[in-house]
Amino acid sequence: MKILSDEKIDEPTEINSASLLETISDAEVNSRISFEEFTDERTLISHDAFGRKQMKIKVLEVSDEEAPAKWKLGDRVKVIKILVTIRHLTTQQVEEAEFDIEKIERELAEKRHYTSTNRWIPVDYIKNGYVLNSYHTRLISDAAALDYIVF
């Protein structure tokens with residue numbers, strides 16, 4: 001390569017990895033998730049029978065009550081309040097509603113003399129605050145029986 005002027009050309013400098021690591025803030029490092037913490041969005045969404053609606057359930061409040069038969073059924077929490085989000089795929093309309101499952105369960109027991117809710121959910125089935133789709137029916141069964149939710 002031929003230099004046409006007498007100006008000194010900067011040599012490429014070595015990149016110091018320590019200085020690069022210092023520029024990354026702790027918030028950026030802590031925001032990364034490990035493979036074990038990663039949750040596929042599809043496991044959190046359930047669909048209606050016709051594939052026209054999607055539902056996600058977020059846990060808002062849990063009871064501090066200790067689970068019976070912990071040795072047999074593992075670590076579980078008793079859910080009190082949930083936030084249900086339903087998206088209509090045809091219109092892209094989103095509906096949200098908060099449900100107090102405990103009140104709904106008591107109301108159904110008084111009116112219909114039965115209840116079908118199983119509010120005890122394994123801790124492993126709650127990911128990032130959302131319930132896995134396999135437990136959606138258990139949580140909304142009483143609300144559906146009282147026509148609070150149609151899915």
# chains A, B, ... in the order shown; residues from 1 in each chain; ligands from 1
$ residues_around --residues "Asn118 in chain A" --least-positions-apart "5" --cutoff "10 Å" --atoms "only C-alpha atoms" --output "MDAnalysis selection string"
chainID A and resid 78:79 101 105 135 137:142
$ write_last_selection --atoms "all heavy atoms" --output "compact mmCIF listing (two decimals), in the first residue's frame"
# COMPACT_ATOMS: atom_id res chain seq x y z
N LYS A 78 -52.40 -21.43 46.01
CA LYS A 78 -53.84 -21.27 45.84
C LYS A 78 -54.10 -19.90 45.24
O LYS A 78 -53.81 -18.88 45.85
CB LYS A 78 -54.54 -21.40 47.20
CG LYS A 78 -56.03 -21.50 47.12
CD LYS A 78 -56.61 -21.77 48.49
CE LYS A 78 -58.09 -22.07 48.41
NZ LYS A 78 -58.63 -22.37 49.75
N VAL A 79 -54.64 -19.87 44.04
CA VAL A 79 -54.86 -18.64 43.31
C VAL A 79 -56.16 -17.99 43.79
O VAL A 79 -57.19 -18.66 43.92
CB VAL A 79 -54.92 -18.91 41.79
CG1 VAL A 79 -55.21 -17.65 41.02
CG2 VAL A 79 -53.62 -19.53 41.32
N ILE A 101 -61.56 -15.42 41.94
CA ILE A 101 -62.01 -16.81 41.85
C ILE A 101 -62.62 -17.28 43.16
O ILE A 101 -63.57 -18.06 43.16
CB ILE A 101 -60.83 -17.73 41.45
CG1 ILE A 101 -60.28 -17.30 40.10
CG2 ILE A 101 -61.27 -19.18 41.38
CD1 ILE A 101 -59.06 -18.08 39.69
N GLU A 105 -66.30 -18.82 43.35
CA GLU A 105 -66.47 -20.19 43.87
C GLU A 105 -67.54 -20.22 44.96
O GLU A 105 -68.40 -21.11 44.97
CB GLU A 105 -65.13 -20.68 44.42
CG GLU A 105 -65.16 -22.12 44.88
CD GLU A 105 -63.79 -22.57 45.36
OE1 GLU A 105 -62.89 -21.75 45.58
OE2 GLU A 105 -63.63 -23.79 45.53
N TYR A 135 -53.93 -25.37 32.47
CA TYR A 135 -54.67 -25.09 33.70
C TYR A 135 -55.72 -23.99 33.53
O TYR A 135 -56.38 -23.62 34.49
CB TYR A 135 -53.69 -24.70 34.82
CG TYR A 135 -53.15 -25.91 35.53
CD1 TYR A 135 -52.16 -26.69 34.97
CD2 TYR A 135 -53.67 -26.30 36.76
CE1 TYR A 135 -51.68 -27.80 35.61
CE2 TYR A 135 -53.19 -27.42 37.41
CZ TYR A 135 -52.20 -28.17 36.83
OH TYR A 135 -51.73 -29.28 37.47
N THR A 137 -58.68 -24.02 31.97
CA THR A 137 -60.05 -24.51 32.19
C THR A 137 -60.35 -24.67 33.66
O THR A 137 -61.45 -24.36 34.11
CB THR A 137 -60.27 -25.84 31.45
OG1 THR A 137 -59.87 -25.67 30.10
CG2 THR A 137 -61.72 -26.26 31.50
N ARG A 138 -59.39 -25.13 34.43
CA ARG A 138 -59.61 -25.31 35.87
C ARG A 138 -59.91 -23.99 36.56
O ARG A 138 -60.70 -23.94 37.48
CB ARG A 138 -58.39 -25.95 36.52
CG ARG A 138 -58.15 -27.35 36.09
CD ARG A 138 -56.93 -27.90 36.74
NE ARG A 138 -56.62 -29.20 36.19
CZ ARG A 138 -55.90 -30.09 36.80
NH1 ARG A 138 -55.38 -29.83 37.96
NH2 ARG A 138 -55.67 -31.25 36.23
N LEU A 139 -59.23 -22.93 36.13
CA LEU A 139 -59.39 -21.65 36.80
C LEU A 139 -60.67 -20.90 36.40
O LEU A 139 -61.21 -20.15 37.19
CB LEU A 139 -58.17 -20.76 36.53
CG LEU A 139 -56.89 -21.19 37.21
CD1 LEU A 139 -55.74 -20.31 36.78
CD2 LEU A 139 -57.05 -21.16 38.72
N ILE A 140 -61.13 -21.10 35.18
CA ILE A 140 -62.30 -20.33 34.73
C ILE A 140 -63.59 -21.15 34.71
O ILE A 140 -64.63 -20.65 34.28
CB ILE A 140 -62.07 -19.71 33.34
CG1 ILE A 140 -61.95 -20.78 32.27
CG2 ILE A 140 -60.90 -18.77 33.35
CD1 ILE A 140 -62.13 -20.25 30.87
N SER A 141 -63.57 -22.38 35.17
CA SER A 141 -64.75 -23.24 35.06
C SER A 141 -65.95 -22.69 35.80
O SER A 141 -67.07 -22.71 35.28
CB SER A 141 -64.42 -24.65 35.53
OG SER A 141 -63.99 -24.63 36.88
N ASP A 142 -65.78 -22.16 37.01
CA ASP A 142 -66.92 -21.60 37.75
C ASP A 142 -67.41 -20.32 37.11
O ASP A 142 -68.61 -20.07 37.05
CB ASP A 142 -66.54 -21.35 39.21
CG ASP A 142 -66.47 -22.63 40.02
OD1 ASP A 142 -66.87 -23.69 39.49
OD2 ASP A 142 -66.03 -22.57 41.18
$ select_by_dssp --residues "range 44-129 of chain A" --states "strand (DSSP E)" --output "NGL selection string"
:A and (46-47 or 53-62 or 76-88 or 94-100 or 120-122 or 126-127)
$ closest_residue --among "A:Leu73, A:Ala49, A:Val150, A:Val94" --to "Asp124 in chain A" --atoms "only C-alpha atoms"
A:Leu73
$ residues_around --residues "Leu132 in chain A" --least-positions-apart "6" --cutoff "10 Å" --atoms "only C-alpha atoms" --output "list in words"
Thr39, Glu41, Arg42, Thr43, Leu44, Ile45, Ser46, Lys56, Ile57, Lys58, Ile121, Asp124, Tyr125 and Ile126 of chain A
$ write_last_selection --atoms "N, CA, C and O atoms" --output "compact mmCIF listing (two decimals), in the first residue's frame"
# COMPACT_ATOMS: atom_id res chain seq x y z
N THR A 39 -39.64 -19.04 28.44
CA THR A 39 -40.97 -19.62 28.30
C THR A 39 -41.49 -19.34 26.90
O THR A 39 -41.54 -18.19 26.48
N GLU A 41 -44.17 -18.60 24.35
CA GLU A 41 -45.46 -17.93 24.44
C GLU A 41 -46.62 -18.88 24.13
O GLU A 41 -47.71 -18.73 24.68
N ARG A 42 -46.40 -19.84 23.27
CA ARG A 42 -47.48 -20.77 22.88
C ARG A 42 -47.96 -21.61 24.05
O ARG A 42 -49.11 -22.06 24.06
N THR A 43 -47.12 -21.85 25.05
CA THR A 43 -47.55 -22.65 26.20
C THR A 43 -48.44 -21.87 27.14
O THR A 43 -49.09 -22.46 28.00
N LEU A 44 -48.50 -20.56 26.99
CA LEU A 44 -49.31 -19.72 27.86
C LEU A 44 -50.66 -19.36 27.25
O LEU A 44 -51.52 -18.83 27.93
N ILE A 45 -50.85 -19.65 25.97
CA ILE A 45 -52.06 -19.25 25.26
C ILE A 45 -52.91 -20.47 24.94
O ILE A 45 -52.43 -21.45 24.40
N SER A 46 -54.21 -20.38 25.28
CA SER A 46 -55.14 -21.45 24.89
C SER A 46 -56.09 -20.88 23.83
O SER A 46 -56.30 -19.68 23.75
N LYS A 56 -55.18 -15.76 27.61
CA LYS A 56 -54.04 -15.80 28.51
C LYS A 56 -54.53 -15.45 29.90
O LYS A 56 -55.40 -14.60 30.05
N ILE A 57 -53.99 -16.12 30.91
CA ILE A 57 -54.41 -15.85 32.29
C ILE A 57 -53.18 -15.48 33.10
O ILE A 57 -52.21 -16.23 33.17
N LYS A 58 -53.26 -14.30 33.72
CA LYS A 58 -52.18 -13.82 34.59
C LYS A 58 -52.63 -13.93 36.04
O LYS A 58 -53.76 -13.57 36.37
N ILE A 121 -52.57 -24.64 42.10
CA ILE A 121 -51.77 -24.79 40.88
C ILE A 121 -50.32 -25.04 41.26
O ILE A 121 -49.77 -24.34 42.12
N ASP A 124 -44.59 -24.75 39.35
CA ASP A 124 -43.90 -24.91 38.06
C ASP A 124 -44.80 -24.57 36.87
O ASP A 124 -44.31 -24.38 35.76
N TYR A 125 -46.11 -24.51 37.07
CA TYR A 125 -47.04 -24.23 35.98
C TYR A 125 -47.37 -22.75 35.86
O TYR A 125 -48.22 -22.36 35.07
N ILE A 126 -46.69 -21.92 36.63
CA ILE A 126 -46.82 -20.48 36.53
C ILE A 126 -45.49 -19.95 36.00
O ILE A 126 -44.46 -20.08 36.65
$ closest_residue --among "A:Lys53, A:His47, A:His136, A:Arg119" --to "Lys103 in chain A" --atoms "only C-alpha atoms"
A:Arg119
$ residues_around --residues "Ile86 in chain A" --least-positions-apart "6" --cutoff "6 Å" --atoms "only C-alpha atoms" --output "PyMOL selection string"
chain A and resi 54-55+94-95
$ write_last_selection --atoms "all heavy atoms" --output "mmCIF file, in the first residue's frame"
data_model
loop_
_atom_site.group_PDB
_atom_site.id
_atom_site.type_symbol
_atom_site.label_atom_id
_atom_site.label_comp_id
_atom_site.auth_asym_id
_atom_site.auth_seq_id
_atom_site.Cartn_x
_atom_site.Cartn_y
_atom_site.Cartn_z
ATOM 1 N N GLN A 54 -58.073 -16.387 21.458
ATOM 2 C CA GLN A 54 -56.934 -16.809 22.263
ATOM 3 C C GLN A 54 -57.120 -16.265 23.669
ATOM 4 O O GLN A 54 -57.647 -15.171 23.853
ATOM 5 C CB GLN A 54 -55.625 -16.245 21.714
ATOM 6 C CG GLN A 54 -55.197 -16.818 20.404
ATOM 7 C CD GLN A 54 -53.893 -16.199 19.921
ATOM 8 O OE1 GLN A 54 -53.524 -15.101 20.332
ATOM 9 N NE2 GLN A 54 -53.215 -16.890 19.048
ATOM 10 N N MET A 55 -56.648 -17.038 24.668
ATOM 11 C CA MET A 55 -56.799 -16.602 26.053
ATOM 12 C C MET A 55 -55.479 -16.767 26.789
ATOM 13 O O MET A 55 -54.767 -17.753 26.597
ATOM 14 C CB MET A 55 -57.879 -17.416 26.765
ATOM 15 C CG MET A 55 -58.039 -17.029 28.216
ATOM 16 S SD MET A 55 -59.448 -17.793 29.064
ATOM 17 C CE MET A 55 -59.248 -19.506 28.727
ATOM 18 N N VAL A 94 -59.310 -6.980 21.812
ATOM 19 C CA VAL A 94 -58.783 -7.563 23.045
ATOM 20 C C VAL A 94 -59.715 -7.206 24.191
ATOM 21 O O VAL A 94 -60.096 -6.054 24.366
ATOM 22 C CB VAL A 94 -57.353 -7.053 23.338
ATOM 23 C CG1 VAL A 94 -56.854 -7.597 24.661
ATOM 24 C CG2 VAL A 94 -56.415 -7.440 22.221
ATOM 25 N N GLU A 95 -60.076 -8.223 24.968
ATOM 26 C CA GLU A 95 -60.908 -8.031 26.158
ATOM 27 C C GLU A 95 -60.111 -8.475 27.371
ATOM 28 O O GLU A 95 -59.439 -9.500 27.331
ATOM 29 C CB GLU A 95 -62.170 -8.881 26.076
ATOM 30 C CG GLU A 95 -63.103 -8.565 24.951
ATOM 31 C CD GLU A 95 -64.296 -9.502 24.957
ATOM 32 O OE1 GLU A 95 -65.057 -9.485 25.947
ATOM 33 O OE2 GLU A 95 -64.437 -10.250 23.990
#
$ closest_residue --among "A:Leu60, A:Trp120, A:Glu96, A:Glu102" --to "Gly74 in chain A" --atoms "only C-alpha atoms"
A:Trp120
$ closest_residue --among "A:Thr85, A:Asn128, A:Gln92, A:Thr115" --to "Ala144 in chain A" --atoms "only C-alpha atoms"
A:Thr115
$ select_by_dssp --residues "range 25-141 of chain A" --states "helix (DSSP H, G or I)" --output "PyMOL selection string"
chain A and resi 26-31+41-43+70-73+101-112+123-125+133-141
$ atom_distance --atom1 "CA of Ala145 in chain A" --atom2 "CA of Leu108 in chain A"
8.0 Å
$ atom_distance --atom1 "CA of Ile82 in chain A" --atom2 "CA of Tyr130 in chain A"
9.3 Å
$ decode --residues "range 42-53 of chain A" --atoms "all heavy atoms" --output "PDB file, in the first residue's frame"
ATOM      1  N   ARG A  42     -46.402 -19.845  23.266  1.00  0.00           N
ATOM      2  CA  ARG A  42     -47.482 -20.770  22.885  1.00  0.00           C
ATOM      3  C   ARG A  42     -47.962 -21.612  24.051  1.00  0.00           C
ATOM      4  O   ARG A  42     -49.108 -22.058  24.056  1.00  0.00           O
ATOM      5  CB  ARG A  42     -47.017 -21.671  21.751  1.00  0.00           C
ATOM      6  CG  ARG A  42     -46.786 -20.908  20.456  1.00  0.00           C
ATOM      7  CD  ARG A  42     -46.234 -21.806  19.412  1.00  0.00           C
ATOM      8  NE  ARG A  42     -44.877 -22.190  19.804  1.00  0.00           N
ATOM      9  CZ  ARG A  42     -44.086 -22.982  19.124  1.00  0.00           C
ATOM     10  NH1 ARG A  42     -44.499 -23.524  18.010  1.00  0.00           N
ATOM     11  NH2 ARG A  42     -42.875 -23.251  19.536  1.00  0.00           N
ATOM     12  N   THR A  43     -47.124 -21.852  25.051  1.00  0.00           N
ATOM     13  CA  THR A  43     -47.550 -22.653  26.198  1.00  0.00           C
ATOM     14  C   THR A  43     -48.445 -21.868  27.141  1.00  0.00           C
ATOM     15  O   THR A  43     -49.090 -22.456  28.000  1.00  0.00           O
ATOM     16  CB  THR A  43     -46.335 -23.182  26.987  1.00  0.00           C
ATOM     17  OG1 THR A  43     -45.587 -22.073  27.480  1.00  0.00           O
ATOM     18  CG2 THR A  43     -45.466 -24.068  26.134  1.00  0.00           C
ATOM     19  N   LEU A  44     -48.496 -20.555  26.986  1.00  0.00           N
ATOM     20  CA  LEU A  44     -49.311 -19.716  27.858  1.00  0.00           C
ATOM     21  C   LEU A  44     -50.657 -19.359  27.251  1.00  0.00           C
ATOM     22  O   LEU A  44     -51.524 -18.828  27.932  1.00  0.00           O
ATOM     23  CB  LEU A  44     -48.561 -18.412  28.179  1.00  0.00           C
ATOM     24  CG  LEU A  44     -47.185 -18.564  28.812  1.00  0.00           C
ATOM     25  CD1 LEU A  44     -46.546 -17.207  28.983  1.00  0.00           C
ATOM     26  CD2 LEU A  44     -47.262 -19.306  30.118  1.00  0.00           C
ATOM     27  N   ILE A  45     -50.851 -19.648  25.975  1.00  0.00           N
ATOM     28  CA  ILE A  45     -52.065 -19.247  25.261  1.00  0.00           C
ATOM     29  C   ILE A  45     -52.913 -20.469  24.944  1.00  0.00           C
ATOM     30  O   ILE A  45     -52.427 -21.447  24.405  1.00  0.00           O
ATOM     31  CB  ILE A  45     -51.702 -18.516  23.954  1.00  0.00           C
ATOM     32  CG1 ILE A  45     -50.944 -17.229  24.264  1.00  0.00           C
ATOM     33  CG2 ILE A  45     -52.946 -18.216  23.134  1.00  0.00           C
ATOM     34  CD1 ILE A  45     -50.411 -16.521  23.044  1.00  0.00           C
ATOM     35  N   SER A  46     -54.208 -20.384  25.278  1.00  0.00           N
ATOM     36  CA  SER A  46     -55.140 -21.446  24.889  1.00  0.00           C
ATOM     37  C   SER A  46     -56.088 -20.884  23.831  1.00  0.00           C
ATOM     38  O   SER A  46     -56.298 -19.678  23.748  1.00  0.00           O
ATOM     39  CB  SER A  46     -55.909 -21.973  26.099  1.00  0.00           C
ATOM     40  OG  SER A  46     -56.633 -20.947  26.716  1.00  0.00           O
ATOM     41  N   HIS A  47     -56.646 -21.768  23.040  1.00  0.00           N
ATOM     42  CA  HIS A  47     -57.532 -21.391  21.935  1.00  0.00           C
ATOM     43  C   HIS A  47     -58.904 -21.988  22.149  1.00  0.00           C
ATOM     44  O   HIS A  47     -59.040 -23.046  22.769  1.00  0.00           O
ATOM     45  CB  HIS A  47     -56.971 -21.912  20.601  1.00  0.00           C
ATOM     46  CG  HIS A  47     -55.617 -21.378  20.279  1.00  0.00           C
ATOM     47  ND1 HIS A  47     -55.422 -20.195  19.616  1.00  0.00           N
ATOM     48  CD2 HIS A  47     -54.385 -21.855  20.547  1.00  0.00           C
ATOM     49  CE1 HIS A  47     -54.136 -19.970  19.475  1.00  0.00           C
ATOM     50  NE2 HIS A  47     -53.481 -20.964  20.041  1.00  0.00           N
ATOM     51  N   ASP A  48     -59.923 -21.329  21.612  1.00  0.00           N
ATOM     52  CA  ASP A  48     -61.256 -21.900  21.671  1.00  0.00           C
ATOM     53  C   ASP A  48     -61.375 -23.019  20.634  1.00  0.00           C
ATOM     54  O   ASP A  48     -60.461 -23.253  19.849  1.00  0.00           O
ATOM     55  CB  ASP A  48     -62.340 -20.827  21.488  1.00  0.00           C
ATOM     56  CG  ASP A  48     -62.392 -20.272  20.078  1.00  0.00           C
ATOM     57  OD1 ASP A  48     -61.365 -20.307  19.386  1.00  0.00           O
ATOM     58  OD2 ASP A  48     -63.467 -19.784  19.677  1.00  0.00           O
ATOM     59  N   ALA A  49     -62.498 -23.699  20.626  1.00  0.00           N
ATOM     60  CA  ALA A  49     -62.677 -24.870  19.759  1.00  0.00           C
ATOM     61  C   ALA A  49     -62.599 -24.524  18.278  1.00  0.00           C
ATOM     62  O   ALA A  49     -62.178 -25.340  17.468  1.00  0.00           O
ATOM     63  CB  ALA A  49     -64.005 -25.546  20.068  1.00  0.00           C
ATOM     64  N   PHE A  50     -62.998 -23.321  17.902  1.00  0.00           N
ATOM     65  CA  PHE A  50     -63.008 -22.937  16.492  1.00  0.00           C
ATOM     66  C   PHE A  50     -61.755 -22.192  16.061  1.00  0.00           C
ATOM     67  O   PHE A  50     -61.615 -21.819  14.901  1.00  0.00           O
ATOM     68  CB  PHE A  50     -64.240 -22.075  16.197  1.00  0.00           C
ATOM     69  CG  PHE A  50     -65.531 -22.794  16.489  1.00  0.00           C
ATOM     70  CD1 PHE A  50     -66.312 -22.414  17.563  1.00  0.00           C
ATOM     71  CD2 PHE A  50     -65.949 -23.852  15.709  1.00  0.00           C
ATOM     72  CE1 PHE A  50     -67.496 -23.079  17.846  1.00  0.00           C
ATOM     73  CE2 PHE A  50     -67.126 -24.518  15.973  1.00  0.00           C
ATOM     74  CZ  PHE A  50     -67.900 -24.138  17.055  1.00  0.00           C
ATOM     75  N   GLY A  51     -60.856 -21.933  16.982  1.00  0.00           N
ATOM     76  CA  GLY A  51     -59.622 -21.223  16.659  1.00  0.00           C
ATOM     77  C   GLY A  51     -59.831 -19.745  16.383  1.00  0.00           C
ATOM     78  O   GLY A  51     -59.040 -19.131  15.674  1.00  0.00           O
ATOM     79  N   ARG A  52     -60.894 -19.169  16.930  1.00  0.00           N
ATOM     80  CA  ARG A  52     -61.195 -17.752  16.695  1.00  0.00           C
ATOM     81  C   ARG A  52     -60.759 -16.854  17.845  1.00  0.00           C
ATOM     82  O   ARG A  52     -60.735 -15.641  17.706  1.00  0.00           O
ATOM     83  CB  ARG A  52     -62.690 -17.570  16.471  1.00  0.00           C
ATOM     84  CG  ARG A  52     -63.185 -18.262  15.228  1.00  0.00           C
ATOM     85  CD  ARG A  52     -64.663 -18.047  15.058  1.00  0.00           C
ATOM     86  NE  ARG A  52     -65.149 -18.867  13.958  1.00  0.00           N
ATOM     87  CZ  ARG A  52     -66.351 -19.383  13.900  1.00  0.00           C
ATOM     88  NH1 ARG A  52     -67.219 -19.163  14.871  1.00  0.00           N
ATOM     89  NH2 ARG A  52     -66.711 -20.124  12.865  1.00  0.00           N
ATOM     90  N   LYS A  53     -60.453 -17.448  18.999  1.00  0.00           N
ATOM     91  CA  LYS A  53     -60.084 -16.667  20.179  1.00  0.00           C
ATOM     92  C   LYS A  53     -58.835 -17.267  20.829  1.00  0.00           C
ATOM     93  O   LYS A  53     -58.611 -18.473  20.766  1.00  0.00           O
ATOM     94  CB  LYS A  53     -61.203 -16.675  21.218  1.00  0.00           C
ATOM     95  CG  LYS A  53     -62.493 -16.064  20.762  1.00  0.00           C
ATOM     96  CD  LYS A  53     -63.537 -16.189  21.859  1.00  0.00           C
ATOM     97  CE  LYS A  53     -64.904 -15.753  21.412  1.00  0.00           C
ATOM     98  NZ  LYS A  53     -65.907 -15.991  22.450  1.00  0.00           N
TER      99      LYS A  53
END
